[in-house]
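Q: For reference, the structure I am asking about is given below.
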Amino acid sequence: MNGKNLARRTTAAFAIGATATLVFAGTAGADPQSDGIQDLRKAAANSEANSAAVDVLVGSPLVTTNIASSFGLFAFTSPTLGCGPGVPITLTGASASSGGDLKAGQIRFQASPRVSGVAKGSGLTAVWVNTSTGASGIAPIDGVTEFGTPSLSKVVDSGPGNVAAALFGTVTYADATCVVLPTVGMFTVAPDAPAAPAK
């Protein structure tokens with residue numbers, strides 16, 4: 001077995017182990033935006049003017065699209081290595097969302113390396129398991145934009161339930177290949193896409 005295959009297997013084993021730890025530890029993913037709106041409504045409840053302002057904010061196009069979907073971040077930002085001589089180490093943020101423009105039972109994984117430039121290729125992978133149903137899969141993060149460049153995202157048919165996932169792999173740029181170390185998260189996929197709040 002060559003060094004490259006050993007590194008891939010080690011990374012995959014770490015990702016699966018980290019996901020299992022997350023699942024059995026019972027860590028739950030949150031929807032920070034929805035939680036934030038609920039907290040805001042509670043804080044504004046004692047003032048009619050404040051409540052009216054919150055209603056305007058929640059009903060505005062600036063936030064309704066995002067509130068209509070369930071969005072959550074992976075548990076930690078992933079250390080990312082090898083992005084070039086000037087950037088020996090950086091970070092990659094990863095998130096997942098459901099609802100919105102997705103069908104019921106689907107989840108979108110996405111990654112955002114803190115690297116300048118447009119990605120030329122994606123070797124990212126999401127390993128996921130639906131702890132509510134037992135469904136599972138390994139999904140290459142191989143979505144593309146309308147311009148044909150990697151979107152660093154992927155829609156997966158996970159089915160509704162609690163989905164534990166690990167995301168890891170590589171992202172290739174014109175002059176370097178970044179290695180994204182595994183990050184893990186737990187997300188809730190609703191049986192039906194949530195409706196946008198009334199305006």
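By order of appearance in the structure tokens: chains A, B, ..., then residues from 1 within every chain, and ligands from 1 in the order shown.
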Residues at most 10 Å from range 147-152 of chain A, counting only C-alpha atoms, excluding those fewer than 5 positions away in the same chain, as a PyMOL selection string?

A: chain A and resi 94+109-113+118-125+140-142+171-172

Q: Could I get the residues of range 79-121 of chain A with an atom no further than 12 Å from an atom of range 182-188 of chain A, each paired with its nearest atom pair and that distance in Å to one decimal, using only C-alpha atoms, sorted by chain and residue number, as CSV?

A:
residue,atom,partner,partner_atom,distance
A:Pro79,CA,A:Pro182,CA,8.3
A:Thr80,CA,A:Pro182,CA,9.3
A:Leu81,CA,A:Pro182,CA,11.7
A:Leu91,CA,A:Thr183,CA,10.9
A:Thr92,CA,A:Thr183,CA,9.2
A:Gly93,CA,A:Thr183,CA,9.0
A:Ala94,CA,A:Thr183,CA,7.9
A:Ser95,CA,A:Gly185,CA,8.4
A:Ala96,CA,A:Phe187,CA,7.3
A:Ser97,CA,A:Phe187,CA,8.1
A:Ser98,CA,A:Thr188,CA,8.2
A:Gly99,CA,A:Thr188,CA,10.4
A:Ala104,CA,A:Thr188,CA,11.7
A:Gly105,CA,A:Thr188,CA,9.8
A:Gln106,CA,A:Thr188,CA,10.4
A:Ile107,CA,A:Phe187,CA,8.9
A:Arg108,CA,A:Phe187,CA,10.6
A:Phe109,CA,A:Phe187,CA,10.4
A:Ala111,CA,A:Thr183,CA,10.6

Q: For Pro160 in chain A, list every protein, DNA or RNA residue within 6 Å, evaluated using only C-alpha atoms, and leave out those in the same chain fewer than 5 positions away; present the list as a list in words.

A: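 Selected residues are Gly105, Val189, Ala190 and Pro191 of chain A.
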
Q: Put those residues in a file: C-alpha atoms, as a PDB file, in the first residue's frame.

A:
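The resulting file, out.pdb, is shown below:
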ATOM      1  CA  GLY A 105     -35.544  14.478   2.995  1.00  0.00           C
ATOM      2  CA  VAL A 189     -33.584  16.989   8.228  1.00  0.00           C
ATOM      3  CA  ALA A 190     -37.315  17.644   8.508  1.00  0.00           C
ATOM      4  CA  PRO A 191     -39.840  15.278   6.872  1.00  0.00           C
TER       5      PRO A 191
END

Q: Write out as a ChimeraX atom specification the residues lying within 10 Å of Val87 in chain A, counting only C-alpha atoms and excluding same-chain residues fewer than 4 positions away.

A: /A:80-83,114-115,176,178

Q: Out of A:Thr145, A:Ser116, A:Ser153, A:Thr131, which residue has the shortest atom-to-atom distance to Ala174 in chain A when counting only C-alpha atoms?

A: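 Using only C-alpha atoms, Ala174 in chain A sits closest to A:Ser116.
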